[in-house]
Amino acid sequence: VTQQRELLQKLNVSKSKAPRTTNTTPFWAAQSNRISTPTCHAVNYYELYNTSGTNNVTLYLTSNKISSGRLGNQMFMYASLLGLSRAQGRQMFIKPGTILQKTFKISYVNVTESIKEWLVVEQEYLFDEKLMYLPSQNVKINGYLQSFFYFIAVTDKVRQEFTFHDSIANAAANILRHVYVKHNSSLIVGVHVRRGDFLTEKHKKKGYGVAEKSYFIKAFNLITAKFPGRDPVFLVASDDLNWCTENLLGNDVSIMPPASAAVHLAVLSSCDHVIISGGTFGWWSGWLANGYVIYYTGHLKEGTDLGNFVSKYHYYPRTWIGLGN
């Protein structure tokens, strides 16, 4: 246990040792430099924690909430289970029939009756350090696991697991091809505008904030300045297309045609760069695109239950750029 805690300190995942925001070292590079072999196949529990196995019993790990929430929530749970299982020498799986399985070519799907008897471990914080030291028995985690810190050591494997089914990837490619031809542009920036349920009083009281027109205009201008001479096209996906048409539509802005959430995610994640307003769907579109990502800083309002629970340090990668309204 002492060795495990020392390693966590070296990985700098403690709040008390959060890097200053002025640190110029890219977050992913900084974290990777602290791990000798960051690729997934090398991150074995006994190698990572410098311990030796005491038996050959396989311990399993799954989620107690995998059917809760939509695609973005399920992606966080799956990716985090993958990271936690690899760090602790476990085998993870989720039950079949999820939106996640219908969207991606994921590998770890199973079902067992004995799961009903497994120990349930509650997630208490966004990045809950105790989940790195699970008891030596089969475990179900009860929580949404919405922190990239859980899977920071297995990012390559997570990207591999989140490979879209061919039908989804082909539909996304057709949309992008049309945009390239119509605008004759070499730079497409995905824009995810989440409004919908976030505008309800229920969600406002929880702490959700909604980006205004001014945020997107600032983000558009920042991208244009960042890539001079590239004439970017902003491709918008949203649950409120009327608002987007009235407030964002222009010569360099294109509204994505109607399609499933999976196809829209595939399109956004295939863009060169991404602008997001809030929600896990937008978060994953930015993470999968792996380019320049701008996020709305007012999505989780400080002083609310949600704002107090979600640590931005553990939620947004350091390389992402935050902007307000």
# chains A, B, ... in the order shown; residues from 1 in each chain; ligands from 1

$ select_by_dssp --residues "segment 257-298 of chain A" --states "strand (DSSP E)" --output "PyMOL selection string"
chain A and resi 273-276+293-296

$ write_last_selection --atoms "N, CA and C atoms" --output "mmCIF file, in the first residue's frame"
data_model
loop_
_atom_site.group_PDB
_atom_site.id
_atom_site.type_symbol
_atom_site.label_atom_id
_atom_site.label_comp_id
_atom_site.auth_asym_id
_atom_site.auth_seq_id
_atom_site.Cartn_x
_atom_site.Cartn_y
_atom_site.Cartn_z
ATOM 1 N N HIS A 273 -10.251 20.252 -35.142
ATOM 2 C CA HIS A 273 -10.294 20.841 -33.810
ATOM 3 C C HIS A 273 -11.749 20.910 -33.374
ATOM 4 N N VAL A 274 -11.971 21.151 -32.082
ATOM 5 C CA VAL A 274 -13.345 21.088 -31.565
ATOM 6 C C VAL A 274 -13.598 22.208 -30.559
ATOM 7 N N ILE A 275 -14.802 22.767 -30.628
ATOM 8 C CA ILE A 275 -15.289 23.741 -29.641
ATOM 9 C C ILE A 275 -16.492 23.112 -28.952
ATOM 10 N N ILE A 276 -16.483 23.070 -27.621
ATOM 11 C CA ILE A 276 -17.577 22.433 -26.882
ATOM 12 C C ILE A 276 -18.168 23.408 -25.872
ATOM 13 N N VAL A 293 -8.711 22.121 -28.500
ATOM 14 C CA VAL A 293 -10.049 22.037 -27.903
ATOM 15 C C VAL A 293 -10.318 23.276 -27.051
ATOM 16 N N ILE A 294 -11.466 23.906 -27.294
ATOM 17 C CA ILE A 294 -11.915 25.049 -26.488
ATOM 18 C C ILE A 294 -13.181 24.636 -25.757
ATOM 19 N N TYR A 295 -13.228 24.904 -24.450
ATOM 20 C CA TYR A 295 -14.406 24.540 -23.662
ATOM 21 C C TYR A 295 -14.976 25.765 -22.943
ATOM 22 N N TYR A 296 -16.254 25.677 -22.601
ATOM 23 C CA TYR A 296 -16.953 26.774 -21.931
ATOM 24 C C TYR A 296 -16.745 26.679 -20.417
#

$ residues_around --residues "segment 281-287 of chain A" --least-positions-apart "5" --cutoff "12 Å" --atoms "only C-alpha atoms" --output "ChimeraX atom specification"
/A:28,69-76,79,146-148,152,155-156,158-159,162,189-195,236-239,261-276,292-296,299,315-321

$ residues_around --residues "Tyr215 of chain A" --least-positions-apart "3" --cutoff "9 Å" --atoms "only C-alpha atoms" --output "list in words"
Ala211, Glu212, Lys218, Ala219, Phe220, Ser277, Tyr296, Leu323, Gly324 and Asn325 of chain A

$ write_last_selection --atoms "N, CA and C atoms" --output "CSV table (one decimal), in the first residue's frame"
chain,number,residue,atom,x,y,z
A,211,ALA,N,-23.8,28.0,-22.6
A,211,ALA,CA,-23.0,29.0,-23.3
A,211,ALA,C,-23.8,29.9,-24.2
A,212,GLU,N,-23.5,31.2,-24.2
A,212,GLU,CA,-24.3,32.2,-25.0
A,212,GLU,C,-23.6,32.4,-26.4
A,218,LYS,N,-16.4,34.3,-29.7
A,218,LYS,CA,-15.0,34.4,-29.2
A,218,LYS,C,-14.2,33.1,-29.6
A,219,ALA,N,-14.8,32.0,-29.5
A,219,ALA,CA,-14.1,30.7,-29.8
A,219,ALA,C,-13.8,30.7,-31.3
A,220,PHE,N,-14.7,31.1,-32.2
A,220,PHE,CA,-14.5,31.1,-33.6
A,220,PHE,C,-13.3,32.0,-33.9
A,277,SER,N,-19.4,23.2,-25.5
A,277,SER,CA,-20.1,24.1,-24.6
A,277,SER,C,-20.3,23.4,-23.2
A,296,TYR,N,-16.3,25.7,-22.6
A,296,TYR,CA,-17.0,26.8,-21.9
A,296,TYR,C,-16.7,26.7,-20.4
A,323,LEU,N,-12.9,29.3,-22.1
A,323,LEU,CA,-13.4,30.7,-22.4
A,323,LEU,C,-14.8,30.8,-21.8
A,324,GLY,N,-15.1,32.0,-21.4
A,324,GLY,CA,-16.4,32.3,-20.8
A,324,GLY,C,-17.3,33.0,-21.9
A,325,ASN,N,-18.5,33.5,-21.4
A,325,ASN,CA,-19.4,34.2,-22.3
A,325,ASN,C,-18.8,35.5,-22.7

$ residues_around --residues "Tyr78 of chain A" --least-positions-apart "4" --cutoff "9 Å" --atoms "only C-alpha atoms" --output "ChimeraX atom specification"
/A:62-63,66,73-74,82-83,92-94,100,145,158

$ write_last_selection --atoms "all heavy atoms" --output "JSON list (two decimals), in the first residue's frame"
[["chain", "number", "residue", "atom", "x", "y", "z"],
["A", 62, "THR", "N", -16.56, -4.17, -12.70],
["A", 62, "THR", "CA", -17.60, -3.71, -13.61],
["A", 62, "THR", "C", -18.27, -2.48, -13.03],
["A", 62, "THR", "O", -17.92, -2.02, -11.94],
["A", 62, "THR", "CB", -18.62, -4.81, -13.91],
["A", 62, "THR", "OG1", -19.45, -4.40, -15.01],
["A", 62, "THR", "CG2", -19.49, -5.11, -12.70],
["A", 63, "SER", "N", -19.23, -1.94, -13.77],
["A", 63, "SER", "CA", -19.95, -0.74, -13.33],
["A", 63, "SER", "C", -21.36, -1.10, -12.91],
["A", 63, "SER", "O", -22.02, -1.94, -13.53],
["A", 63, "SER", "CB", -20.01, 0.28, -14.48],
["A", 63, "SER", "OG", -20.91, 1.33, -14.18],
["A", 66, "ILE", "N", -23.74, 1.33, -15.66],
["A", 66, "ILE", "CA", -23.42, 1.41, -17.08],
["A", 66, "ILE", "C", -24.64, 1.68, -17.94],
["A", 66, "ILE", "O", -24.53, 2.26, -19.03],
["A", 66, "ILE", "CB", -22.71, 0.12, -17.55],
["A", 66, "ILE", "CG1", -22.06, 0.34, -18.92],
["A", 66, "ILE", "CG2", -23.66, -1.06, -17.55],
["A", 66, "ILE", "CD1", -20.99, 1.39, -18.95],
["A", 73, "ASN", "N", -21.79, 9.51, -20.96],
["A", 73, "ASN", "CA", -21.65, 8.95, -19.61],
["A", 73, "ASN", "C", -21.10, 7.54, -19.67],
["A", 73, "ASN", "O", -20.22, 7.16, -18.88],
["A", 73, "ASN", "CB", -23.00, 8.95, -18.89],
["A", 73, "ASN", "CG", -23.43, 10.33, -18.46],
["A", 73, "ASN", "OD1", -22.62, 11.23, -18.29],
["A", 73, "ASN", "ND2", -24.73, 10.52, -18.30],
["A", 74, "GLN", "N", -21.62, 6.72, -20.58],
["A", 74, "GLN", "CA", -21.17, 5.34, -20.69],
["A", 74, "GLN", "C", -19.71, 5.26, -21.14],
["A", 74, "GLN", "O", -18.96, 4.38, -20.71],
["A", 74, "GLN", "CB", -22.08, 4.57, -21.64],
["A", 74, "GLN", "CG", -23.49, 4.39, -21.12],
["A", 74, "GLN", "CD", -24.36, 3.52, -22.00],
["A", 74, "GLN", "OE1", -23.86, 2.84, -22.91],
["A", 74, "GLN", "NE2", -25.66, 3.53, -21.75],
["A", 82, "LEU", "N", -11.55, 0.52, -17.58],
["A", 82, "LEU", "CA", -10.38, -0.01, -18.27],
["A", 82, "LEU", "C", -9.09, 0.42, -17.57],
["A", 82, "LEU", "O", -8.19, -0.38, -17.33],
["A", 82, "LEU", "CB", -10.38, 0.45, -19.73],
["A", 82, "LEU", "CG", -9.30, -0.13, -20.64],
["A", 82, "LEU", "CD1", -9.40, -1.64, -20.72],
["A", 82, "LEU", "CD2", -9.41, 0.48, -22.04],
["A", 83, "GLY", "N", -9.01, 1.71, -17.23],
["A", 83, "GLY", "CA", -7.82, 2.21, -16.55],
["A", 83, "GLY", "C", -7.65, 1.61, -15.16],
["A", 83, "GLY", "O", -6.55, 1.20, -14.78],
["A", 92, "MET", "N", -11.88, -6.34, -16.58],
["A", 92, "MET", "CA", -13.12, -5.54, -16.57],
["A", 92, "MET", "C", -14.08, -6.05, -17.63],
["A", 92, "MET", "O", -13.69, -6.70, -18.60],
["A", 92, "MET", "CB", -12.81, -4.07, -16.84],
["A", 92, "MET", "CG", -12.30, -3.80, -18.25],
["A", 92, "MET", "SD", -12.84, -2.21, -18.96],
["A", 92, "MET", "CE", -14.57, -2.52, -19.26],
["A", 93, "PHE", "N", -15.34, -5.74, -17.45],
["A", 93, "PHE", "CA", -16.33, -5.97, -18.48],
["A", 93, "PHE", "C", -17.58, -5.17, -18.15],
["A", 93, "PHE", "O", -17.77, -4.73, -17.02],
["A", 93, "PHE", "CB", -16.68, -7.46, -18.64],
["A", 93, "PHE", "CG", -17.41, -8.05, -17.46],
["A", 93, "PHE", "CD1", -18.80, -8.01, -17.37],
["A", 93, "PHE", "CD2", -16.71, -8.66, -16.43],
["A", 93, "PHE", "CE1", -19.47, -8.55, -16.29],
["A", 93, "PHE", "CE2", -17.37, -9.21, -15.35],
["A", 93, "PHE", "CZ", -18.77, -9.15, -15.27],
["A", 94, "ILE", "N", -18.42, -4.97, -19.16],
["A", 94, "ILE", "CA", -19.74, -4.39, -18.95],
["A", 94, "ILE", "C", -20.77, -5.35, -19.52],
["A", 94, "ILE", "O", -20.45, -6.21, -20.33],
["A", 94, "ILE", "CB", -19.87, -3.00, -19.61],
["A", 94, "ILE", "CG1", -19.72, -3.11, -21.14],
["A", 94, "ILE", "CG2", -18.88, -2.01, -19.01],
["A", 94, "ILE", "CD1", -20.09, -1.85, -21.89],
["A", 100, "LEU", "N", -23.28, 2.04, -25.82],
["A", 100, "LEU", "CA", -21.84, 2.00, -26.07],
["A", 100, "LEU", "C", -21.49, 0.85, -27.02],
["A", 100, "LEU", "O", -20.74, 1.04, -27.99],
["A", 100, "LEU", "CB", -21.10, 1.83, -24.74],
["A", 100, "LEU", "CG", -19.60, 2.08, -24.73],
["A", 100, "LEU", "CD1", -19.31, 3.56, -24.93],
["A", 100, "LEU", "CD2", -19.00, 1.61, -23.42],
["A", 145, "LEU", "N", -17.72, 8.11, -12.79],
["A", 145, "LEU", "CA", -16.28, 8.05, -13.08],
["A", 145, "LEU", "C", -15.86, 9.06, -14.15],
["A", 145, "LEU", "O", -15.09, 8.74, -15.07],
["A", 145, "LEU", "CB", -15.90, 6.63, -13.52],
["A", 145, "LEU", "CG", -16.25, 5.52, -12.53],
["A", 145, "LEU", "CD1", -15.96, 4.14, -13.13],
["A", 145, "LEU", "CD2", -15.52, 5.69, -11.21],
["A", 158, "VAL", "N", -7.78, 3.11, -24.80],
["A", 158, "VAL", "CA", -9.11, 3.70, -24.81],
["A", 158, "VAL", "C", -9.48, 4.15, -26.23],
["A", 158, "VAL", "O", -10.58, 3.89, -26.72],
["A", 158, "VAL", "CB", -9.21, 4.89, -23.83],
["A", 158, "VAL", "CG1", -10.53, 5.62, -24.00],
["A", 158, "VAL", "CG2", -9.06, 4.40, -22.40]]

$ atom_distance --atom1 "atom CA of Leu134 of chain A" --atom2 "atom CA of Val121 of chain A"
8.2 Å

$ select_by_dssp --residues "segment 59-244 of chain A" --states "helix (DSSP H, G or I)" --output "ChimeraX atom specification"
/A:71-87,99-103,113-117,129-132,148-161,166-183,196-199,201-206,213-226,241-244

$ closest_residue --among "A:Phe216, A:Asn138, A:Ser186, A:Glu129" --to "Gly89 of chain A" --atoms "only C-alpha atoms"
A:Asn138

$ residues_around --residues "Arg230 of chain A" --least-positions-apart "3" --cutoff "9 Å" --atoms "only C-alpha atoms" --output "mmCIF file with N, CA and C atoms, in the first residue's frame"
data_model
loop_
_atom_site.group_PDB
_atom_site.id
_atom_site.type_symbol
_atom_site.label_atom_id
_atom_site.label_comp_id
_atom_site.auth_asym_id
_atom_site.auth_seq_id
_atom_site.Cartn_x
_atom_site.Cartn_y
_atom_site.Cartn_z
ATOM 1 N N SER A 185 -12.561 23.794 -48.023
ATOM 2 C CA SER A 185 -11.716 24.172 -46.889
ATOM 3 C C SER A 185 -10.826 23.007 -46.471
ATOM 4 N N SER A 186 -9.651 23.346 -45.976
ATOM 5 C CA SER A 186 -8.722 22.324 -45.493
ATOM 6 C C SER A 186 -8.748 22.202 -43.972
ATOM 7 N N LEU A 187 -9.608 22.988 -43.322
ATOM 8 C CA LEU A 187 -9.661 22.971 -41.862
ATOM 9 C C LEU A 187 -11.123 22.990 -41.397
ATOM 10 N N THR A 224 -9.655 31.107 -35.633
ATOM 11 C CA THR A 224 -9.234 31.793 -36.854
ATOM 12 C C THR A 224 -7.868 32.451 -36.669
ATOM 13 N N PHE A 227 -4.989 29.805 -36.495
ATOM 14 C CA PHE A 227 -4.609 29.169 -37.760
ATOM 15 C C PHE A 227 -4.818 30.156 -38.921
#
